[in-house]
$ cat target16.cif   # mmCIF, C-alpha atoms
data_upload
#
loop_
_atom_site.group_PDB
_atom_site.id
_atom_site.type_symbol
_atom_site.label_atom_id
_atom_site.label_comp_id
_atom_site.auth_asym_id
_atom_site.auth_seq_id
_atom_site.Cartn_x
_atom_site.Cartn_y
_atom_site.Cartn_z
ATOM 1 C CA MET A 1 82.414 109.571 133.028
ATOM 2 C CA SER A 2 80.059 111.311 130.595
ATOM 3 C CA GLU A 3 80.162 110.571 126.883
ATOM 4 C CA LEU A 4 81.440 114.092 126.152
ATOM 5 C CA SER A 5 84.280 113.726 128.651
ATOM 6 C CA SER A 6 85.215 110.406 127.072
ATOM 7 C CA ASP A 7 85.165 111.967 123.591
ATOM 8 C CA LEU A 8 87.355 114.864 124.733
ATOM 9 C CA ARG A 9 89.892 112.469 126.231
ATOM 10 C CA MET A 10 89.939 110.519 122.980
ATOM 11 C CA GLN A 11 90.411 113.759 121.051
ATOM 12 C CA GLU A 12 93.394 114.684 123.214
ATOM 13 C CA LYS A 13 94.974 111.303 122.546
ATOM 14 C CA MET A 14 94.228 111.646 118.836
ATOM 15 C CA VAL A 15 95.899 115.074 118.602
ATOM 16 C CA GLN A 16 98.984 113.719 120.351
ATOM 17 C CA SER A 17 99.122 110.742 117.969
ATOM 18 C CA PHE A 18 98.964 112.899 114.853
ATOM 19 C CA GLN A 19 101.519 115.331 116.250
ATOM 20 C CA GLN A 20 103.843 112.364 116.699
ATOM 21 C CA ILE A 21 103.088 111.149 113.158
ATOM 22 C CA ARG A 22 103.961 114.591 111.783
ATOM 23 C CA LYS A 23 107.203 114.616 113.772
ATOM 24 C CA GLU A 24 108.166 111.181 112.451
ATOM 25 C CA LEU A 25 107.247 112.121 108.875
ATOM 26 C CA HIS A 26 109.643 115.045 109.051
ATOM 27 C CA GLN A 27 112.499 112.594 109.457
ATOM 28 C CA ASN A 28 111.941 111.697 105.786
ATOM 29 C CA ILE A 29 110.017 114.717 104.512
ATOM 30 C CA VAL A 30 111.075 118.361 104.460
ATOM 31 C CA GLY A 31 108.267 120.933 104.621
ATOM 32 C CA MET A 32 104.946 119.908 103.010
ATOM 33 C CA GLU A 33 102.939 120.979 106.074
ATOM 34 C CA THR A 34 99.795 121.761 104.081
ATOM 35 C CA ALA A 35 99.903 118.416 102.281
ATOM 36 C CA MET A 36 100.307 116.638 105.630
ATOM 37 C CA ASP A 37 97.310 118.499 107.077
ATOM 38 C CA ALA A 38 95.101 117.496 104.143
ATOM 39 C CA MET A 39 96.376 113.918 104.284
ATOM 40 C CA PHE A 40 95.433 113.684 107.965
ATOM 41 C CA TRP A 41 91.959 115.117 107.267
ATOM 42 C CA THR A 42 91.473 112.478 104.583
ATOM 43 C CA LEU A 43 92.379 109.666 106.960
ATOM 44 C CA LEU A 44 90.025 110.892 109.674
ATOM 45 C CA CYS A 45 87.130 111.319 107.225
ATOM 46 C CA GLN A 46 87.444 107.783 105.796
ATOM 47 C CA GLY A 47 88.058 109.402 102.426
ATOM 48 C CA HIS A 48 90.496 109.225 99.522
ATOM 49 C CA ALA A 49 92.874 111.898 98.234
ATOM 50 C CA LEU A 50 94.512 112.836 94.942
ATOM 51 C CA PHE A 51 98.009 114.339 95.229
ATOM 52 C CA VAL A 52 98.791 116.598 92.256
ATOM 53 C CA GLY A 53 102.289 117.853 91.511
ATOM 54 C CA VAL A 54 105.164 117.684 89.071
ATOM 55 C CA PRO A 55 107.615 114.758 89.310
ATOM 56 C CA GLY A 56 110.262 114.718 92.009
ATOM 57 C CA LEU A 57 108.349 116.476 94.805
ATOM 58 C CA ALA A 58 108.268 113.421 97.136
ATOM 59 C CA LYS A 59 104.541 112.688 96.768
ATOM 60 C CA THR A 60 105.179 108.945 96.769
ATOM 61 C CA LEU A 61 107.704 109.209 99.615
ATOM 62 C CA LEU A 62 105.209 111.136 101.749
ATOM 63 C CA ILE A 63 102.493 108.496 101.335
ATOM 64 C CA SER A 64 104.807 105.489 101.752
ATOM 65 C CA SER A 65 106.327 107.082 104.886
ATOM 66 C CA LEU A 66 102.838 107.522 106.333
ATOM 67 C CA SER A 67 102.130 103.839 105.660
ATOM 68 C CA GLU A 68 105.118 102.900 107.845
ATOM 69 C CA LEU A 69 103.692 104.933 110.732
ATOM 70 C CA LEU A 70 100.257 103.288 110.578
ATOM 71 C CA SER A 71 99.676 99.634 111.344
ATOM 72 C CA LEU A 72 97.827 99.144 108.059
ATOM 73 C CA LYS A 73 98.331 96.653 105.254
ATOM 74 C CA PHE A 74 99.873 98.774 102.483
ATOM 75 C CA ASN A 75 100.188 98.171 98.741
ATOM 76 C CA ARG A 76 101.660 100.387 96.034
ATOM 77 C CA ILE A 77 100.662 100.082 92.373
ATOM 78 C CA GLN A 78 102.485 101.829 89.546
ATOM 79 C CA PHE A 79 99.748 102.508 87.000
ATOM 80 C CA THR A 80 100.717 101.991 83.348
ATOM 81 C CA PRO A 81 98.847 102.258 80.014
ATOM 82 C CA ASP A 82 98.796 98.465 79.534
ATOM 83 C CA MET A 83 97.432 97.719 83.015
ATOM 84 C CA MET A 84 94.213 95.680 83.114
ATOM 85 C CA PRO A 85 91.467 95.672 85.780
ATOM 86 C CA SER A 86 92.514 92.139 86.789
ATOM 87 C CA ASP A 87 95.986 93.485 87.646
ATOM 88 C CA LEU A 88 94.253 95.591 90.298
ATOM 89 C CA LEU A 89 91.317 93.473 91.451
ATOM 90 C CA GLY A 90 92.659 89.937 90.985
ATOM 91 C CA SER A 91 91.544 87.041 88.813
ATOM 92 C CA GLU A 92 90.197 83.503 88.898
ATOM 93 C CA ILE A 93 92.683 80.677 88.555
ATOM 94 C CA LEU A 94 91.883 77.026 87.855
ATOM 95 C CA GLU A 95 93.007 75.018 90.899
ATOM 96 C CA GLU A 96 92.844 71.338 91.775
ATOM 97 C CA GLU A 97 91.342 70.380 95.146
ATOM 98 C CA LYS A 98 93.792 68.245 97.103
ATOM 99 C CA THR A 99 91.121 66.014 98.647
ATOM 100 C CA THR A 100 88.881 65.297 95.636
ATOM 101 C CA GLY A 101 91.140 66.112 92.719
ATOM 102 C CA ARG A 102 88.306 68.155 91.260
ATOM 103 C CA LYS A 103 89.290 71.281 89.362
ATOM 104 C CA VAL A 104 87.641 74.522 90.490
ATOM 105 C CA PHE A 105 88.114 78.217 89.876
ATOM 106 C CA GLU A 106 89.600 80.080 92.821
ATOM 107 C CA PHE A 107 89.671 83.856 93.122
ATOM 108 C CA ARG A 108 93.178 85.192 93.718
ATOM 109 C CA ARG A 109 92.948 88.636 95.279
ATOM 110 C CA GLY A 110 94.810 91.517 93.680
ATOM 111 C CA PRO A 111 96.755 94.377 95.309
ATOM 112 C CA ILE A 112 93.588 96.404 95.936
ATOM 113 C CA PHE A 113 92.885 94.090 98.879
ATOM 114 C CA CYS A 114 94.694 96.158 101.468
ATOM 115 C CA GLN A 115 93.936 98.967 103.913
ATOM 116 C CA MET A 116 96.010 101.707 102.289
ATOM 117 C CA LEU A 117 96.518 101.756 98.531
ATOM 118 C CA LEU A 118 99.010 104.050 96.797
ATOM 119 C CA ALA A 119 97.843 104.445 93.199
ATOM 120 C CA ASP A 120 100.958 105.973 91.648
ATOM 121 C CA GLU A 121 100.374 108.069 88.496
ATOM 122 C CA ILE A 122 96.744 107.036 88.325
ATOM 123 C CA ASN A 123 96.142 109.001 85.112
ATOM 124 C CA ARG A 124 98.582 106.795 83.185
ATOM 125 C CA THR A 125 96.165 103.863 83.038
ATOM 126 C CA SER A 126 93.128 103.410 80.796
ATOM 127 C CA PRO A 127 89.593 104.501 81.778
ATOM 128 C CA LYS A 128 88.615 100.824 81.980
ATOM 129 C CA THR A 129 91.163 100.191 84.737
ATOM 130 C CA GLN A 130 90.405 103.506 86.433
ATOM 131 C CA ALA A 131 86.745 102.452 86.557
ATOM 132 C CA ALA A 132 87.739 99.320 88.482
ATOM 133 C CA LEU A 133 88.538 101.606 91.408
ATOM 134 C CA LEU A 134 85.130 103.299 91.490
ATOM 135 C CA GLN A 135 83.221 100.655 93.453
ATOM 136 C CA ALA A 136 86.109 100.083 95.837
ATOM 137 C CA MET A 137 86.424 103.798 96.644
ATOM 138 C CA GLN A 138 82.696 104.323 97.098
ATOM 139 C CA GLU A 139 81.572 101.083 98.755
ATOM 140 C CA SER A 140 84.806 99.552 100.133
ATOM 141 C CA GLU A 141 84.098 96.328 98.283
ATOM 142 C CA VAL A 142 84.927 94.656 94.984
ATOM 143 C CA THR A 143 82.605 92.666 92.723
ATOM 144 C CA TYR A 144 84.162 89.928 90.605
ATOM 145 C CA ALA A 145 82.277 87.242 88.679
ATOM 146 C CA GLY A 146 79.061 88.157 90.460
ATOM 147 C CA LYS A 147 80.512 87.857 93.980
ATOM 148 C CA ASN A 148 81.150 90.707 96.403
ATOM 149 C CA TYR A 149 84.395 90.856 98.359
ATOM 150 C CA GLU A 150 84.728 93.337 101.208
ATOM 151 C CA LEU A 151 87.905 95.372 101.599
ATOM 152 C CA MET A 152 89.656 95.632 104.947
ATOM 153 C CA PRO A 153 88.712 98.764 106.917
ATOM 154 C CA PRO A 154 89.840 101.456 107.034
ATOM 155 C CA PHE A 155 90.311 101.341 103.254
ATOM 156 C CA VAL A 156 91.924 104.499 101.846
ATOM 157 C CA VAL A 157 93.271 105.324 98.386
ATOM 158 C CA PHE A 158 96.026 107.896 98.011
ATOM 159 C CA ALA A 159 96.618 108.561 94.320
ATOM 160 C CA THR A 160 99.281 110.681 92.642
ATOM 161 C CA GLN A 161 98.953 112.554 89.373
ATOM 162 C CA ASN A 162 101.391 114.523 87.238
ATOM 163 C CA PRO A 163 99.581 117.620 85.907
ATOM 164 C CA ILE A 164 101.986 118.599 83.132
ATOM 165 C CA GLU A 165 102.624 115.489 81.049
ATOM 166 C CA SER A 166 99.887 114.653 78.562
ATOM 167 C CA GLU A 167 101.565 111.985 76.462
ATOM 168 C CA GLY A 168 100.495 108.528 77.551
ATOM 169 C CA THR A 169 97.933 109.808 80.062
ATOM 170 C CA TYR A 170 94.149 109.556 80.346
ATOM 171 C CA PRO A 171 92.140 112.353 82.007
ATOM 172 C CA LEU A 172 90.287 111.170 85.083
ATOM 173 C CA PRO A 173 86.515 111.245 84.437
ATOM 174 C CA GLU A 174 84.344 113.447 86.647
ATOM 175 C CA ALA A 175 82.794 110.391 88.324
ATOM 176 C CA GLN A 176 86.269 109.224 89.334
ATOM 177 C CA LEU A 177 87.381 112.658 90.537
ATOM 178 C CA ASP A 178 84.234 113.019 92.640
ATOM 179 C CA ARG A 179 85.225 109.896 94.593
ATOM 180 C CA PHE A 180 88.269 111.730 95.928
ATOM 181 C CA LEU A 181 87.419 113.612 99.105
ATOM 182 C CA LEU A 182 90.286 116.058 98.543
ATOM 183 C CA SER A 183 92.669 117.149 95.809
ATOM 184 C CA ILE A 184 95.988 118.020 97.454
ATOM 185 C CA PRO A 185 98.433 120.253 95.562
ATOM 186 C CA VAL A 186 102.122 119.532 96.108
ATOM 187 C CA ASP A 187 104.197 122.576 95.202
ATOM 188 C CA TYR A 188 107.901 123.241 94.774
ATOM 189 C CA PRO A 189 109.807 123.531 98.080
ATOM 190 C CA SER A 190 111.205 126.811 99.351
ATOM 191 C CA GLU A 191 114.922 127.493 98.851
ATOM 192 C CA ALA A 192 115.691 126.633 102.485
ATOM 193 C CA ASP A 193 113.715 123.379 102.241
ATOM 194 C CA GLU A 194 115.413 122.441 98.978
ATOM 195 C CA LEU A 195 118.836 122.938 100.548
ATOM 196 C CA GLU A 196 117.822 120.630 103.404
ATOM 197 C CA ILE A 197 116.450 118.040 100.942
ATOM 198 C CA VAL A 198 119.767 117.913 99.082
ATOM 199 C CA LYS A 199 121.729 117.517 102.322
ATOM 200 C CA ARG A 200 119.522 114.672 103.555
ATOM 201 C CA THR A 201 119.258 112.728 100.331
ATOM 202 C CA THR A 202 122.982 112.805 99.540
ATOM 203 C CA SER A 203 124.102 111.376 102.881
ATOM 204 C CA GLN A 204 124.226 107.768 104.081
ATOM 205 C CA ASN A 205 121.624 108.208 106.802
ATOM 206 C CA ARG A 206 118.681 105.830 106.445
ATOM 207 C CA ILE A 207 115.649 106.479 108.620
ATOM 208 C CA ILE A 208 113.517 103.527 109.749
ATOM 209 C CA LEU A 209 110.066 104.605 110.910
ATOM 210 C CA GLU A 210 108.163 102.710 113.590
ATOM 211 C CA PRO A 211 104.335 102.482 113.746
ATOM 212 C CA VAL A 212 102.641 105.168 115.807
ATOM 213 C CA LEU A 213 98.933 104.484 115.268
ATOM 214 C CA SER A 214 97.030 101.191 115.094
ATOM 215 C CA SER A 215 94.147 100.517 112.721
ATOM 216 C CA ALA A 216 91.820 100.039 115.716
ATOM 217 C CA ASP A 217 92.672 103.501 117.065
ATOM 218 C CA LEU A 218 92.248 105.071 113.622
ATOM 219 C CA LEU A 219 88.774 103.546 113.317
ATOM 220 C CA LYS A 220 87.860 105.040 116.711
ATOM 221 C CA TYR A 221 89.097 108.467 115.639
ATOM 222 C CA GLN A 222 87.115 108.230 112.406
ATOM 223 C CA SER A 223 83.958 107.602 114.433
ATOM 224 C CA LEU A 224 84.804 110.574 116.645
ATOM 225 C CA VAL A 225 84.785 112.962 113.669
ATOM 226 C CA LYS A 226 81.068 112.392 113.088
ATOM 227 C CA LYS A 227 80.345 113.388 116.699
ATOM 228 C CA VAL A 228 81.766 116.882 116.287
ATOM 229 C CA PRO A 229 78.855 119.356 116.392
ATOM 230 C CA MET A 230 78.326 121.800 113.534
ATOM 231 C CA ASP A 231 75.956 124.725 113.933
ATOM 232 C CA ASP A 232 73.047 124.883 111.480
ATOM 233 C CA LYS A 233 74.251 128.313 110.385
ATOM 234 C CA LEU A 234 77.586 126.814 109.344
ATOM 235 C CA VAL A 235 75.884 123.904 107.588
ATOM 236 C CA ASN A 236 73.800 126.399 105.608
ATOM 237 C CA GLN A 237 76.921 128.422 104.808
ATOM 238 C CA THR A 238 78.598 125.275 103.489
ATOM 239 C CA VAL A 239 75.658 124.383 101.269
ATOM 240 C CA GLN A 240 75.372 127.929 99.916
ATOM 241 C CA LEU A 241 79.080 127.965 99.069
ATOM 242 C CA VAL A 242 78.728 124.803 96.990
ATOM 243 C CA ARG A 243 75.489 125.928 95.352
ATOM 244 C CA ARG A 244 77.217 129.139 94.210
ATOM 245 C CA SER A 245 79.470 126.948 92.056
ATOM 246 C CA ARG A 246 76.520 125.818 89.920
ATOM 247 C CA PRO A 247 75.389 127.790 86.877
ATOM 248 C CA GLY A 248 71.800 128.926 87.253
ATOM 249 C CA GLU A 249 71.938 129.074 91.056
ATOM 250 C CA GLN A 250 73.426 132.066 92.906
ATOM 251 C CA MET A 251 76.409 132.398 90.603
ATOM 252 C CA SER A 252 77.748 135.776 89.513
ATOM 253 C CA LYS A 253 77.861 136.653 85.810
ATOM 254 C CA GLU A 254 81.676 136.583 85.858
ATOM 255 C CA LEU A 255 81.802 133.045 87.210
ATOM 256 C CA SER A 256 79.028 131.803 84.931
ATOM 257 C CA GLU A 257 81.321 132.621 81.995
ATOM 258 C CA VAL A 258 84.035 130.429 83.505
ATOM 259 C CA ILE A 259 82.282 127.434 85.103
ATOM 260 C CA ARG A 260 80.546 124.866 82.907
ATOM 261 C CA PHE A 261 79.459 122.504 85.700
ATOM 262 C CA GLY A 262 79.592 123.042 89.447
ATOM 263 C CA ALA A 263 80.085 120.737 92.413
ATOM 264 C CA GLY A 264 77.388 118.295 93.512
ATOM 265 C CA PRO A 265 75.985 117.516 96.988
ATOM 266 C CA ARG A 266 78.961 115.245 97.717
ATOM 267 C CA ALA A 267 81.077 118.411 97.886
ATOM 268 C CA SER A 268 78.868 119.850 100.637
ATOM 269 C CA GLN A 269 79.214 116.631 102.602
ATOM 270 C CA ALA A 270 82.980 116.623 102.056
ATOM 271 C CA ILE A 271 83.438 120.192 103.276
ATOM 272 C CA ALA A 272 81.376 119.536 106.410
ATOM 273 C CA MET A 273 83.232 116.324 107.279
ATOM 274 C CA THR A 274 86.668 117.727 106.526
ATOM 275 C CA ALA A 275 85.925 120.849 108.559
ATOM 276 C CA LYS A 276 85.107 118.602 111.518
ATOM 277 C CA ALA A 277 88.411 116.738 111.116
ATOM 278 C CA ARG A 278 90.311 120.027 110.946
ATOM 279 C CA ALA A 279 88.587 121.273 114.102
ATOM 280 C CA LEU A 280 89.494 118.089 115.980
ATOM 281 C CA LEU A 281 93.162 118.268 115.003
ATOM 282 C CA ALA A 282 93.194 121.944 116.050
ATOM 283 C CA GLY A 283 92.095 120.865 119.536
ATOM 284 C CA ARG A 284 88.498 122.051 119.204
ATOM 285 C CA PHE A 285 85.330 119.965 119.532
ATOM 286 C CA ALA A 286 83.246 122.298 117.380
ATOM 287 C CA VAL A 287 83.440 123.588 113.818
ATOM 288 C CA ARG A 288 84.187 127.242 113.111
ATOM 289 C CA GLU A 289 83.732 129.272 109.945
ATOM 290 C CA GLU A 290 87.512 129.275 109.449
ATOM 291 C CA ASP A 291 87.455 125.476 109.148
ATOM 292 C CA ILE A 292 84.975 125.603 106.282
ATOM 293 C CA PHE A 293 86.951 128.112 104.234
ATOM 294 C CA ALA A 294 90.276 126.396 104.979
ATOM 295 C CA VAL A 295 89.175 123.015 103.589
ATOM 296 C CA ALA A 296 86.899 124.238 100.767
ATOM 297 C CA PRO A 297 89.688 124.686 98.141
ATOM 298 C CA PHE A 298 90.812 121.067 98.605
ATOM 299 C CA VAL A 299 87.222 119.871 98.120
ATOM 300 C CA LEU A 300 86.089 122.089 95.247
ATOM 301 C CA LYS A 301 89.065 122.458 92.914
ATOM 302 C CA HIS A 302 88.834 119.019 91.291
ATOM 303 C CA ARG A 303 85.041 119.009 91.182
ATOM 304 C CA LEU A 304 84.566 122.091 89.002
ATOM 305 C CA VAL A 305 84.433 121.723 85.208
ATOM 306 C CA LEU A 306 85.761 124.972 83.750
ATOM 307 C CA ARG A 307 85.648 126.481 80.303
ATOM 308 C CA ARG A 308 88.995 126.870 78.572
ATOM 309 C CA LEU A 309 89.942 130.421 79.448
ATOM 310 C CA ARG A 310 93.538 131.545 79.615
ATOM 311 C CA ASP A 311 93.083 134.165 82.327
ATOM 312 C CA GLN A 312 91.379 131.880 84.867
ATOM 313 C CA SER A 313 92.538 128.872 86.876
ATOM 314 C CA ALA A 314 90.736 126.475 89.189
ATOM 315 C CA GLU A 315 92.470 128.109 92.164
ATOM 316 C CA SER A 316 91.306 131.611 91.263
ATOM 317 C CA VAL A 317 87.745 130.433 90.595
ATOM 318 C CA VAL A 318 87.518 128.687 93.974
ATOM 319 C CA SER A 319 88.967 131.772 95.630
ATOM 320 C CA GLN A 320 86.230 133.898 94.071
ATOM 321 C CA LEU A 321 83.566 131.476 95.297
ATOM 322 C CA ILE A 322 84.930 131.641 98.832
ATOM 323 C CA GLN A 323 85.180 135.441 98.788
ATOM 324 C CA ALA A 324 81.533 135.620 97.723
ATOM 325 C CA SER A 325 80.583 133.481 100.727
ATOM 326 C CA ILE A 326 82.480 135.399 103.418
#
$ encode --input "target16.cif" --output "structure tokens"
Amino acid sequence: MSELSSDLRMQEKMVQSFQQIRKELHQNIVGMETAMDAMFWTLLCQGHALFVGVPGLAKTLLISSLSELLSLKFNRIQFTPDMMPSDLLGSEILEEEKTTGRKVFEFRRGPIFCQMLLADEINRTSPKTQAALLQAMQESEVTYAGKNYELMPPFVVFATQNPIESEGTYPLPEAQLDRFLLSIPVDYPSEADELEIVKRTTSQNRIILEPVLSSADLLKYQSLVKKVPMDDKLVNQTVQLVRRSRPGEQMSKELSEVIRFGAGPRASQAIAMTAKARALLAGRFAVREEDIFAVAPFVLKHRLVLRRLRDQSAESVVSQLIQASI
């Protein structure tokens, strides 16, 4: 069997697995198809995602339900203003060796040592604690007291953020935001979905989800994403789209009055990788132009630094960038 035939068979199995995951998620979750799509892309790209929405939209339930369907070690942390980096990473404790009686410092690992981390309300903790996540998200390892500790693959951070409350919150710095592959908006449900939510959550039915995908299979699927071919023309189109977001490049006068700082090269990489994941889940082993423009808003929105203008939003700015690239 050729390598391509083997890859196509793996892709078929992968699509079936994620279709089953979506079906199982809908036992607990009503609607949220777009959020599920972006969450799956994040998993396949070995990335991290920031879920943004007002309270009560089931962001935490969506992520915790996914954790039940994947055979991954899962931890959830509720971020608070008084949280310290050691609460996340761990700390050294003075222990006595049983054989020698000698006292030594032993590193006790914190909740970040898992495969899937739910960072709930990440913007409620201080910049110092937020910074403790940076190395873990970028390098999948933690440094403590001069020693490096590797995190279990596939390590993924799903963080939630409330966009409307400012009291007791700390804005995520650009360096932190750039570590998130995607920013996933979670909007209000439709009327029909809200009716179904009320019916489900006010009954006695309790759904127990069983694992669908193993960590070994997920690692194989993540490797498969990088094999998806992407035409040089589409790569160039991706790069030009991102470069248009930077003042002084190919930006229109209208956008230059709105955007202070554009997206960096990591955004180009993110769009290309996420487009490949989208193509795979759509049953294709090649990237199309539609994949690029479908994933671009999730990649760009949180990476643009805008001026404070009342008549513009991040969504409208990204939409203008995409329209200029079509």
$ closest_residue --input "target16.cif" --among "A:Glu121, A:Glu68, A:Glu210, A:Glu139" --to "Gln46 of chain A" --atoms "all atoms listed in the file"
A:Glu139
$ axis_aligned_box --input "target16.cif" --around "segment 100-117 of chain A" --padding-each-side "5 Å" --output "AutoDock Vina command-line options"
--center_x 92.2 --center_y 83.5 --center_z 96.6 --size_x 19.1 --size_y 46.5 --size_z 24.6
$ residues_around --input "target16.cif" --residues "segment 197-200 of chain A" --least-positions-apart "3" --cutoff "10 Å" --atoms "all atoms listed in the file" --output "CSV table (one decimal) with C-alpha atoms, in the frame of the given file"
chain,number,residue,atom,x,y,z
A,27,GLN,CA,112.5,112.6,109.5
A,28,ASN,CA,111.9,111.7,105.8
A,29,ILE,CA,110.0,114.7,104.5
A,30,VAL,CA,111.1,118.4,104.5
A,31,GLY,CA,108.3,120.9,104.6
A,189,PRO,CA,109.8,123.5,98.1
A,191,GLU,CA,114.9,127.5,98.9
A,192,ALA,CA,115.7,126.6,102.5
A,193,ASP,CA,113.7,123.4,102.2
A,194,GLU,CA,115.4,122.4,99.0
A,203,SER,CA,124.1,111.4,102.9
A,204,GLN,CA,124.2,107.8,104.1
A,205,ASN,CA,121.6,108.2,106.8
A,206,ARG,CA,118.7,105.8,106.4
$ residues_around --input "target16.cif" --residues "segment 278-288 of chain A" --least-positions-apart "2" --cutoff "9 Å" --atoms "all atoms listed in the file" --output "number ranges by chain"
A: 7-8, 11-12, 14-15, 18-19, 37-38, 40-41, 224-225, 227-231, 234, 272-276, 290-292, 294-295
$ write_last_selection --input "target16.cif" --atoms "C-alpha atoms" --output "PDB file, in the frame of the given file"
ATOM      1  CA  ASP A   7      85.165 111.967 123.591  1.00  0.00           C
ATOM      2  CA  LEU A   8      87.355 114.864 124.733  1.00  0.00           C
ATOM      3  CA  GLN A  11      90.411 113.759 121.051  1.00  0.00           C
ATOM      4  CA  GLU A  12      93.394 114.684 123.214  1.00  0.00           C
ATOM      5  CA  MET A  14      94.228 111.646 118.836  1.00  0.00           C
ATOM      6  CA  VAL A  15      95.899 115.074 118.602  1.00  0.00           C
ATOM      7  CA  PHE A  18      98.964 112.899 114.853  1.00  0.00           C
ATOM      8  CA  GLN A  19     101.519 115.331 116.250  1.00  0.00           C
ATOM      9  CA  ASP A  37      97.310 118.499 107.077  1.00  0.00           C
ATOM     10  CA  ALA A  38      95.101 117.496 104.143  1.00  0.00           C
ATOM     11  CA  PHE A  40      95.433 113.684 107.965  1.00  0.00           C
ATOM     12  CA  TRP A  41      91.959 115.117 107.267  1.00  0.00           C
ATOM     13  CA  LEU A 224      84.804 110.574 116.645  1.00  0.00           C
ATOM     14  CA  VAL A 225      84.785 112.962 113.669  1.00  0.00           C
ATOM     15  CA  LYS A 227      80.345 113.388 116.699  1.00  0.00           C
ATOM     16  CA  VAL A 228      81.766 116.882 116.287  1.00  0.00           C
ATOM     17  CA  PRO A 229      78.855 119.356 116.392  1.00  0.00           C
ATOM     18  CA  MET A 230      78.326 121.800 113.534  1.00  0.00           C
ATOM     19  CA  ASP A 231      75.956 124.725 113.933  1.00  0.00           C
ATOM     20  CA  LEU A 234      77.586 126.814 109.344  1.00  0.00           C
ATOM     21  CA  ALA A 272      81.376 119.536 106.410  1.00  0.00           C
ATOM     22  CA  MET A 273      83.232 116.324 107.279  1.00  0.00           C
ATOM     23  CA  THR A 274      86.668 117.727 106.526  1.00  0.00           C
ATOM     24  CA  ALA A 275      85.925 120.849 108.559  1.00  0.00           C
ATOM     25  CA  LYS A 276      85.107 118.602 111.518  1.00  0.00           C
ATOM     26  CA  GLU A 290      87.512 129.275 109.449  1.00  0.00           C
ATOM     27  CA  ASP A 291      87.455 125.476 109.148  1.00  0.00           C
ATOM     28  CA  ILE A 292      84.975 125.603 106.282  1.00  0.00           C
ATOM     29  CA  ALA A 294      90.276 126.396 104.979  1.00  0.00           C
ATOM     30  CA  VAL A 295      89.175 123.015 103.589  1.00  0.00           C
TER      31      VAL A 295
END
$ atom_distance --input "target16.cif" --atom1 "atom CA of Glu3 of chain A" --atom2 "atom CA of Lys226 of chain A"
13.9 Å
$ atom_distance --input "target16.cif" --atom1 "atom CA of Leu118 of chain A" --atom2 "atom CA of Glu174 of chain A"
20.2 Å
$ resolve_selection --input "target16.cif" --expression "the PyMOL selection byres ((chain A and resi 58) around 12)" --output "VMD selection string"
chain A and resid 25 28 to 32 35 51 to 57 59 to 65 120 160 186 to 189 194 197 201
$ resolve_selection --input "target16.cif" --expression "the PyMOL selection byres ((chain A and resi 183) around 6)" --output "count of residues only"
5
$ resolve_selection --input "target16.cif" --expression "the PyMOL selection byres ((chain A and resi 172) around 12)" --output "VMD selection string"
chain A and resid 50 121 to 131 133 to 134 159 to 163 169 to 171 173 to 180 302 to 303
$ atom_distance --input "target16.cif" --atom1 "atom CA of Val242 of chain A" --atom2 "atom CA of Leu43 of chain A"
22.7 Å
$ closest_residue --input "target16.cif" --among "A:Phe113, A:Ile259, A:Thr100, A:Ser17" --to "Ser313 of chain A" --atoms "all atoms listed in the file"
A:Ile259
$ residues_near_point --input "target16.cif" --point "(98.8, 83.3, 95.0)" --cutoff "12 Å" --atoms "only C-alpha atoms" --output "list in words"
Gly90, Ser91, Glu92, Ile93, Leu94, Glu95, Glu106, Phe107, Arg108, Arg109, Gly110 and Pro111 of chain A
$ closest_residue --input "target16.cif" --among "A:Ser325, A:Thr143, A:Asn236, A:Gln138" --to "Arg266 of chain A" --atoms "only C-alpha atoms"
A:Gln138
$ residues_around --input "target16.cif" --residues "Leu255 of chain A" --least-positions-apart "5" --cutoff "9 Å" --atoms "only C-alpha atoms" --output "PyMOL selection string"
chain A and resi 245+247+317+320-321
$ closest_residue --input "target16.cif" --among "A:Cys45, A:Met84, A:Met36, A:Leu241" --to "Leu218 of chain A" --atoms "only C-alpha atoms"
A:Cys45
$ closest_residue --input "target16.cif" --among "A:Ala270, A:Leu72, A:Leu89, A:Ala119" --to "Gly47 of chain A" --atoms "all atoms listed in the file"
A:Ala270
$ closest_residue --input "target16.cif" --among "A:Leu213, A:Glu96, A:Phe74, A:Phe105" --to "Ile21 of chain A" --atoms "all atoms listed in the file"
A:Leu213
$ build_atoms --input "target16.cif" --residues "segment 206-211 of chain A" --atoms "N, CA and C atoms" --output "mmCIF file, keeping the file's coordinate frame"
data_model
loop_
_atom_site.group_PDB
_atom_site.id
_atom_site.type_symbol
_atom_site.label_atom_id
_atom_site.label_comp_id
_atom_site.auth_asym_id
_atom_site.auth_seq_id
_atom_site.Cartn_x
_atom_site.Cartn_y
_atom_site.Cartn_z
ATOM 1 N N ARG A 206 119.920 106.498 106.845
ATOM 2 C CA ARG A 206 118.681 105.830 106.445
ATOM 3 C C ARG A 206 117.753 105.766 107.642
ATOM 4 N N ILE A 207 116.596 106.375 107.515
ATOM 5 C CA ILE A 207 115.649 106.479 108.620
ATOM 6 C C ILE A 207 114.642 105.333 108.550
ATOM 7 N N ILE A 208 114.513 104.595 109.640
ATOM 8 C CA ILE A 208 113.517 103.527 109.749
ATOM 9 C C ILE A 208 112.403 104.020 110.668
ATOM 10 N N LEU A 209 111.198 104.092 110.144
ATOM 11 C CA LEU A 209 110.066 104.605 110.910
ATOM 12 C C LEU A 209 109.318 103.461 111.585
ATOM 13 N N GLU A 210 108.916 103.706 112.825
ATOM 14 C CA GLU A 210 108.163 102.710 113.590
ATOM 15 C C GLU A 210 106.701 103.126 113.682
ATOM 16 N N PRO A 211 105.763 102.153 113.682
ATOM 17 C CA PRO A 211 104.335 102.482 113.746
ATOM 18 C C PRO A 211 103.972 103.317 114.965
#
